[in-house]
Amino acid sequence: YCEREIEYLTELYPNYQEKFNLYALEVWHDEDNKEFLEQASEYLNTQSDLVPTLIIGNQVIIGFSESQKEEIKEALSSTIELDIYKEIYK
């Protein structure tokens, strides 16, 4: 599911490039990335140890399926500007 989600976001990028930075972090084997996901989840007041976890602004979308494509587009179109990666590692 992670690879399919990354492929989909790559397809969206030309039309939404001003709306997002894509950070693909492997959290199963990388403790630093796992720690980031835990910090991001705490920051956004959500619980997520499932993958893929997509954070768009302050919205969290867990998993990936065809039915979530529209939800992702809506989040990209309406989200507040927040780069959680930069926020945590500033």
# chains A, B, ... in the order shown; residues from 1 in each chain; ligands from 1
$ residues_around --residues "Glu35 of chain A" --least-positions-apart "3" --cutoff "12 Å" --atoms "only C-alpha atoms" --output "JSON, numbers by chain"
{"A": [25, 26, 27, 28, 29, 30, 31, 32, 38, 39, 40, 41, 42, 48, 49, 85, 88, 89]}
$ select_by_dssp --residues "segment 20-68 of chain A" --states "alpha helix (DSSP H)" --output "ChimeraX atom specification"
/A:31-43
$ closest_residue --among "A:Phe64, A:Tyr43, A:Tyr16, A:Tyr23" --to "Cys2 of chain A" --atoms "only C-alpha atoms"
A:Phe64
$ atom_distance --atom1 "atom CA of Lys69 of chain A" --atom2 "atom CA of Glu11 of chain A"
11.3 Å
$ residues_around --residues "Leu12 of chain A" --least-positions-apart "4" --cutoff "10 Å" --atoms "only C-alpha atoms" --output "list of chain:residue names"
A:Ile6, A:Glu7, A:Tyr8, A:Tyr16, A:Gln17, A:Ile72, A:Lys73, A:Leu76
$ select_by_dssp --residues "chain A" --states "strand (DSSP E or B)" --output "ChimeraX atom specification"
/A:53-56,59-62
$ write_last_selection --atoms "N, CA and C atoms" --output "PDB file, in the first residue's frame"
ATOM      1  N   THR A  53       0.835   6.008   6.703  1.00  0.00           N
ATOM      2  CA  THR A  53       0.204   7.126   7.384  1.00  0.00           C
ATOM      3  C   THR A  53       0.562   8.367   6.591  1.00  0.00           C
ATOM      4  N   LEU A  54      -0.445   9.062   6.104  1.00  0.00           N
ATOM      5  CA  LEU A  54      -0.248  10.269   5.307  1.00  0.00           C
ATOM      6  C   LEU A  54      -0.694  11.460   6.136  1.00  0.00           C
ATOM      7  N   ILE A  55       0.191  12.426   6.298  1.00  0.00           N
ATOM      8  CA  ILE A  55      -0.139  13.644   7.036  1.00  0.00           C
ATOM      9  C   ILE A  55      -0.154  14.787   6.041  1.00  0.00           C
ATOM     10  N   ILE A  56      -1.309  15.415   5.924  1.00  0.00           N
ATOM     11  CA  ILE A  56      -1.472  16.575   5.042  1.00  0.00           C
ATOM     12  C   ILE A  56      -1.941  17.719   5.923  1.00  0.00           C
ATOM     13  N   GLN A  59      -4.227  17.070   8.935  1.00  0.00           N
ATOM     14  CA  GLN A  59      -5.087  15.910   8.697  1.00  0.00           C
ATOM     15  C   GLN A  59      -4.243  14.641   8.575  1.00  0.00           C
ATOM     16  N   VAL A  60      -4.743  13.563   9.131  1.00  0.00           N
ATOM     17  CA  VAL A  60      -4.049  12.281   9.093  1.00  0.00           C
ATOM     18  C   VAL A  60      -4.928  11.279   8.352  1.00  0.00           C
ATOM     19  N   ILE A  61      -4.358  10.636   7.332  1.00  0.00           N
ATOM     20  CA  ILE A  61      -5.061   9.614   6.559  1.00  0.00           C
ATOM     21  C   ILE A  61      -4.259   8.331   6.703  1.00  0.00           C
ATOM     22  N   ILE A  62      -4.904   7.309   7.255  1.00  0.00           N
ATOM     23  CA  ILE A  62      -4.218   6.048   7.513  1.00  0.00           C
ATOM     24  C   ILE A  62      -4.650   5.014   6.485  1.00  0.00           C
TER      25      ILE A  62
END
$ decode --residues "segment 65-84 of chain A" --atoms "N, CA, C and O atoms" --output "tab-separated table (two decimals), in the first residue's frame"
chain	number	residue	atom	x	y	z
A	65	SER	N	-6.25	3.33	-0.30
A	65	SER	CA	-7.12	2.55	-1.18
A	65	SER	C	-7.67	3.49	-2.25
A	65	SER	O	-7.54	4.72	-2.14
A	66	GLU	N	-8.27	2.92	-3.25
A	66	GLU	CA	-8.87	3.73	-4.32
A	66	GLU	C	-9.87	4.73	-3.75
A	66	GLU	O	-9.96	5.85	-4.21
A	67	SER	N	-10.62	4.30	-2.73
A	67	SER	CA	-11.65	5.17	-2.17
A	67	SER	C	-11.06	6.37	-1.43
A	67	SER	O	-11.77	7.35	-1.19
A	68	GLN	N	-9.80	6.33	-1.07
A	68	GLN	CA	-9.18	7.44	-0.35
A	68	GLN	C	-8.57	8.49	-1.28
A	68	GLN	O	-8.16	9.55	-0.82
A	69	LYS	N	-8.52	8.22	-2.56
A	69	LYS	CA	-7.91	9.17	-3.48
A	69	LYS	C	-8.60	10.53	-3.44
A	69	LYS	O	-7.94	11.57	-3.42
A	70	GLU	N	-9.91	10.54	-3.43
A	70	GLU	CA	-10.64	11.81	-3.38
A	70	GLU	C	-10.42	12.52	-2.05
A	70	GLU	O	-10.29	13.74	-2.00
A	71	GLU	N	-10.35	11.76	-0.97
A	71	GLU	CA	-10.07	12.34	0.35
A	71	GLU	C	-8.71	13.04	0.35
A	71	GLU	O	-8.55	14.12	0.92
A	72	ILE	N	-7.74	12.43	-0.29
A	72	ILE	CA	-6.40	13.02	-0.37
A	72	ILE	C	-6.44	14.31	-1.18
A	72	ILE	O	-5.88	15.33	-0.77
A	73	LYS	N	-7.12	14.31	-2.32
A	73	LYS	CA	-7.24	15.52	-3.13
A	73	LYS	C	-7.93	16.63	-2.36
A	73	LYS	O	-7.51	17.79	-2.41
A	74	GLU	N	-8.99	16.30	-1.66
A	74	GLU	CA	-9.70	17.31	-0.87
A	74	GLU	C	-8.80	17.88	0.23
A	74	GLU	O	-8.80	19.09	0.47
A	75	ALA	N	-8.04	17.02	0.88
A	75	ALA	CA	-7.13	17.48	1.92
A	75	ALA	C	-6.07	18.42	1.34
A	75	ALA	O	-5.75	19.45	1.93
A	76	LEU	N	-5.54	18.08	0.17
A	76	LEU	CA	-4.54	18.94	-0.46
A	76	LEU	C	-5.13	20.28	-0.87
A	76	LEU	O	-4.46	21.30	-0.83
A	77	SER	N	-6.39	20.28	-1.26
A	77	SER	CA	-7.04	21.51	-1.72
A	77	SER	C	-7.44	22.43	-0.57
A	77	SER	O	-7.47	23.65	-0.74
A	78	SER	N	-7.74	21.86	0.58
A	78	SER	CA	-8.32	22.68	1.64
A	78	SER	C	-7.49	22.78	2.90
A	78	SER	O	-7.89	23.46	3.84
A	79	THR	N	-6.36	22.15	2.95
A	79	THR	CA	-5.62	22.08	4.19
A	79	THR	C	-4.93	23.39	4.55
A	79	THR	O	-4.62	24.21	3.69
A	80	ILE	N	-4.71	23.56	5.85
A	80	ILE	CA	-3.89	24.68	6.29
A	80	ILE	C	-2.45	24.35	5.93
A	80	ILE	O	-2.09	23.18	5.76
A	81	GLU	N	-1.65	25.36	5.83
A	81	GLU	CA	-0.25	25.13	5.49
A	81	GLU	C	0.53	24.77	6.74
A	81	GLU	O	0.72	25.58	7.63
A	82	LEU	N	0.92	23.52	6.84
A	82	LEU	CA	1.68	23.02	7.97
A	82	LEU	C	2.59	21.91	7.47
A	82	LEU	O	2.11	20.93	6.92
A	83	ASP	N	3.87	22.08	7.63
A	83	ASP	CA	4.83	21.04	7.29
A	83	ASP	C	5.27	20.41	8.60
A	83	ASP	O	6.13	20.94	9.29
A	84	ILE	N	4.63	19.31	8.97
A	84	ILE	CA	4.86	18.69	10.27
A	84	ILE	C	6.31	18.25	10.43
A	84	ILE	O	6.87	18.33	11.51
